[in-house]
Every structure is written in C-alpha cells, then in structure tokens.
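*Asks:* For reference, this is upload-v3.tsv, and it has TSV, C-alpha atoms.
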```tsv
chain	number	residue	atom	x	y	z
X	1	MET	CA	4.15	2.66	13.97
X	2	PRO	CA	6.23	1.82	10.89
X	3	LYS	CA	9.94	1.23	11.19
X	4	GLN	CA	12.38	3.28	9.14
X	5	ASP	CA	12.38	1.83	5.63
X	6	PRO	CA	14.97	2.18	2.84
X	7	TYR	CA	12.60	4.28	0.70
X	8	GLY	CA	11.77	6.99	3.22
X	9	PHE	CA	8.03	6.33	3.59
X	10	SER	CA	8.28	6.11	7.38
X	11	ILE	CA	8.87	9.85	7.65
X	12	GLY	CA	5.15	10.50	7.52
X	13	ASN	CA	1.66	10.68	6.09
X	14	VAL	CA	1.40	7.58	3.93
X	15	LEU	CA	-1.84	5.83	2.92
X	16	PHE	CA	-2.00	2.11	2.12
X	17	GLU	CA	-4.95	0.73	0.14
X	18	ALA	CA	-5.77	-2.66	-1.36
X	19	GLU	CA	-8.43	-3.70	-3.87
X	20	VAL	CA	-8.68	-7.47	-4.02
X	21	ALA	CA	-10.50	-9.89	-6.31
X	22	PRO	CA	-12.79	-12.41	-4.61
X	23	THR	CA	-10.61	-15.26	-5.93
X	24	VAL	CA	-7.59	-14.09	-3.90
X	25	GLN	CA	-9.38	-12.46	-0.96
X	26	ALA	CA	-8.90	-15.31	1.53
X	27	ALA	CA	-5.20	-15.64	0.73
X	28	PHE	CA	-4.72	-11.86	0.99
X	29	GLN	CA	-6.49	-11.73	4.35
X	30	ALA	CA	-4.46	-14.69	5.67
X	31	ARG	CA	-1.16	-13.13	4.59
X	32	TYR	CA	-2.11	-9.79	6.12
X	33	TYR	CA	-3.07	-11.50	9.39
X	34	LYS	CA	0.19	-13.44	9.45
X	35	ALA	CA	2.17	-10.22	8.92
X	36	THR	CA	0.23	-7.97	11.30
X	37	GLY	CA	-1.91	-10.06	13.66
X	38	ILE	CA	-4.91	-8.01	12.47
X	39	ASN	CA	-8.05	-9.60	11.00
X	40	ILE	CA	-9.45	-7.60	8.09
X	41	THR	CA	-12.60	-7.89	6.02
X	42	PRO	CA	-13.67	-5.85	2.99
X	43	GLY	CA	-14.59	-2.41	4.25
X	44	ASN	CA	-12.92	-2.96	7.62
X	45	PRO	CA	-10.70	-1.04	7.38
X	46	PRO	CA	-12.22	1.09	4.59
X	47	GLU	CA	-8.93	0.97	2.67
X	48	PHE	CA	-9.45	-2.76	2.06
X	49	GLN	CA	-11.96	-3.33	-0.72
X	50	ARG	CA	-13.28	-6.38	-2.51
X	51	GLN	CA	-13.39	-5.73	-6.26
X	52	PRO	CA	-14.97	-8.39	-8.49
X	53	ASN	CA	-13.55	-6.69	-11.62
X	54	LYS	CA	-9.93	-7.42	-10.55
X	55	TRP	CA	-7.84	-10.49	-11.35
X	56	GLY	CA	-5.73	-10.33	-8.20
X	57	ALA	CA	-4.72	-7.72	-5.66
X	58	GLU	CA	-4.04	-4.08	-6.47
X	59	CYS	CA	-1.97	-2.61	-3.66
X	60	ARG	CA	-1.35	1.12	-3.61
X	61	ILE	CA	0.79	3.49	-1.58
X	62	TYR	CA	-0.08	7.21	-1.56
X	63	PHE	CA	2.42	9.73	-0.20
X	64	ASN	CA	3.82	13.25	-0.49
X	65	SER	CA	7.56	12.88	0.11
X	66	ASP	CA	9.71	13.97	-2.83
X	67	ASP	CA	12.62	12.07	-1.27
X	68	ALA	CA	10.61	8.83	-1.08
X	69	ALA	CA	9.53	9.30	-4.71
X	70	LYS	CA	13.16	9.75	-5.79
X	71	GLN	CA	14.35	6.81	-3.71
X	72	ALA	CA	11.66	4.48	-5.09
X	73	SER	CA	12.35	5.64	-8.65
X	74	SER	CA	16.08	5.01	-8.16
X	75	LYS	CA	15.15	1.39	-7.34
X	76	GLU	CA	13.20	1.16	-10.61
X	77	ILE	CA	9.80	1.35	-8.91
X	78	HIS	CA	7.25	3.25	-11.00
X	79	VAL	CA	5.97	6.36	-9.21
X	80	GLU	CA	2.92	8.23	-10.49
X	81	GLY	CA	2.83	11.96	-9.78
X	82	GLY	CA	0.40	14.81	-10.05
X	83	ARG	CA	-2.06	13.91	-7.30
X	84	PRO	CA	-3.27	10.61	-8.80
X	85	TYR	CA	-6.72	9.70	-7.45
X	86	HIS	CA	-6.29	11.29	-4.00
X	87	ASP	CA	-6.16	15.07	-3.70
X	88	ASN	CA	-4.18	14.91	-0.44
X	89	TYR	CA	-1.26	13.00	-1.95
X	90	GLN	CA	1.24	14.03	-4.59
X	91	TYR	CA	2.42	10.51	-5.48
X	92	ARG	CA	1.12	6.98	-5.89
X	93	ILE	CA	2.85	3.64	-6.26
X	94	ASN	CA	0.85	0.63	-7.43
X	95	ASN	CA	3.24	-2.22	-6.63
X	96	VAL	CA	2.13	-5.34	-4.78
X	97	ASP	CA	5.69	-6.52	-4.00
X	98	LEU	CA	6.74	-3.21	-2.46
X	99	TRP	CA	3.44	-2.97	-0.58
X	100	TRP	CA	3.96	-6.38	1.03
X	101	GLU	CA	7.62	-5.63	1.77
X	102	LEU	CA	6.59	-2.52	3.69
X	103	VAL	CA	3.80	-4.36	5.55
X	104	GLU	CA	5.79	-7.49	6.38
X	105	GLU	CA	9.21	-6.02	7.08
X	106	PHE	CA	8.59	-2.43	8.17
X	107	ASP	CA	5.22	-2.58	10.00
X	108	PHE	CA	3.12	-0.47	7.64
X	109	ARG	CA	-0.63	-1.12	7.76
X	110	LEU	CA	-3.74	-0.60	5.67
X	111	GLY	CA	-4.95	2.95	6.10
X	112	PHE	CA	-2.96	5.94	7.30
X	113	ASN	CA	0.59	5.42	8.51
```
Please express the file's structure as structure tokens.

*Replies:*
Amino acid sequence: MPKQDPYGFSIGNVLFEAEVAPTVQAAFQARYYKATGINITPGNPPEFQRQPNKWGAECRIYFNSDDAAKQASSKEIHVEGGRPYHDNYQYRINNVDLWWELVEEFDFRLGFN
C-alpha cells in the first residue's frame, strides 16, 4: 500500500502505467525491481507494455482527485484533464520523474493503487 505522498495520490484509486521502448526495457525493469522487489515483464502486469515506437519510457499516472491535480499543478507538473484515455479517470499525468518518485519513495506500483 502506498505511503502518504506530498501530492495526495495516496488517498485512493490511482492507476500507474508504463510504455517502454525495447532499448530501455532492461534498465526500466532493473530499476523497478530495485525499487519494489517485483520482477516485471511486458504484459505482466498488463500496465507494463513494450512499445517499439517509443524512444524511452512513457510513465503515466491516472487519478480522480481534484486535490491531487491542484497539488501537482502547484508544483509545476502538467496535469491533463477531461478523462484523457481512460474513462474511469478524470486526470492524467505523463511525467517519468514524478512516476519514479512515487514508486521509489512512496511505494506506488504498476497497476491500481
């Protein structure tokens, strides 16, 4: 279970996804294992996908909290609104640094948190 984070994501229903280019897949998997102790492969979990049309890693956070959206925006993190790409979520953040911060420091994981 995620720890309380400074953005407010830990208050519920957050989805973490990653689409990773083959050229960075091994490094991504190693970093994720180091942070979580969990081995992942493309498709396992389903929220981890190998995408040959990417240059690096695209790491996304989907959520519904207005407070988390405001808090992230106040820290100059771009927040997309209007149910981008997932009907169940009002907001999306596509930010690899924030994604890793939440995984490494606050125990978030690929998939539903």

*Asks:* Identify, on the basis of only C-alpha atoms, every residue whose closest approach to Lys3 (chain X) does not exceed 12 Å; exclude the query and any residue fewer than 4 positions from it along the same chain; express the result as a list in words.

*Replies:*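 Everything that qualifies: Tyr7, Gly8, Phe9, Ser10, Ile11, Gly12, Glu101, Leu102, Val103, Glu104, Glu105, Phe106, Asp107, Phe108, Arg109 and Asn113 of chain X.
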
*Asks:* Restrict the selected residues to C-alpha atoms and save them as a PDB file, keeping the file's coordinate frame.

*Replies:*
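Listing of part-v2.pdb after writing:
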```pdb
ATOM      1  CA  TYR X   7      12.600   4.280   0.700  1.00  0.00           C
ATOM      2  CA  GLY X   8      11.770   6.990   3.220  1.00  0.00           C
ATOM      3  CA  PHE X   9       8.030   6.330   3.590  1.00  0.00           C
ATOM      4  CA  SER X  10       8.280   6.110   7.380  1.00  0.00           C
ATOM      5  CA  ILE X  11       8.870   9.850   7.650  1.00  0.00           C
ATOM      6  CA  GLY X  12       5.150  10.500   7.520  1.00  0.00           C
ATOM      7  CA  GLU X 101       7.620  -5.630   1.770  1.00  0.00           C
ATOM      8  CA  LEU X 102       6.590  -2.520   3.690  1.00  0.00           C
ATOM      9  CA  VAL X 103       3.800  -4.360   5.550  1.00  0.00           C
ATOM     10  CA  GLU X 104       5.790  -7.490   6.380  1.00  0.00           C
ATOM     11  CA  GLU X 105       9.210  -6.020   7.080  1.00  0.00           C
ATOM     12  CA  PHE X 106       8.590  -2.430   8.170  1.00  0.00           C
ATOM     13  CA  ASP X 107       5.220  -2.580  10.000  1.00  0.00           C
ATOM     14  CA  PHE X 108       3.120  -0.470   7.640  1.00  0.00           C
ATOM     15  CA  ARG X 109      -0.630  -1.120   7.760  1.00  0.00           C
ATOM     16  CA  ASN X 113       0.590   5.420   8.510  1.00  0.00           C
TER      17      ASN X 113
END
```

*Asks:* Do a neighbour search on Ala72 (chain X) at 12 Å with all atoms listed in the file, toss out local chain neighbours closer than 4 positions, and write the hits as a list in words.

*Replies:* Asp5, Pro6, Tyr7, Gly8, Phe9, Ile61, Phe63, Ser65, Asp66, Asp67, Ala68, Glu76, Ile77, His78, Val79, Glu80, Tyr91, Arg92, Ile93, Asn94, Asn95, Leu98 and Trp99 of chain X

*Asks:* For a test of reading the model, state the distance in Å between CA of Val24 (chain X) and CA of Lys54 (chain X), rounded to one decimal.

*Replies:*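 So the two atoms, CA of Val24 (chain X) and CA of Lys54 (chain X), lie 9.7 Å apart.
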
*Asks:* One decimal, Å: what's the distance from CA of Ala26 (chain X) over to CA of His86 (chain X), could you say?

*Replies:*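 Computing it gives 27.3 Å between the two atoms.
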
*Asks:* The residues within 10 Å of (-6.1, 14.1, 0.1), using only C-alpha atoms and the coordinates of the file, should be reported as a ChimeraX atom specification; which are they?

*Replies:* /X:15,62-64,83-90
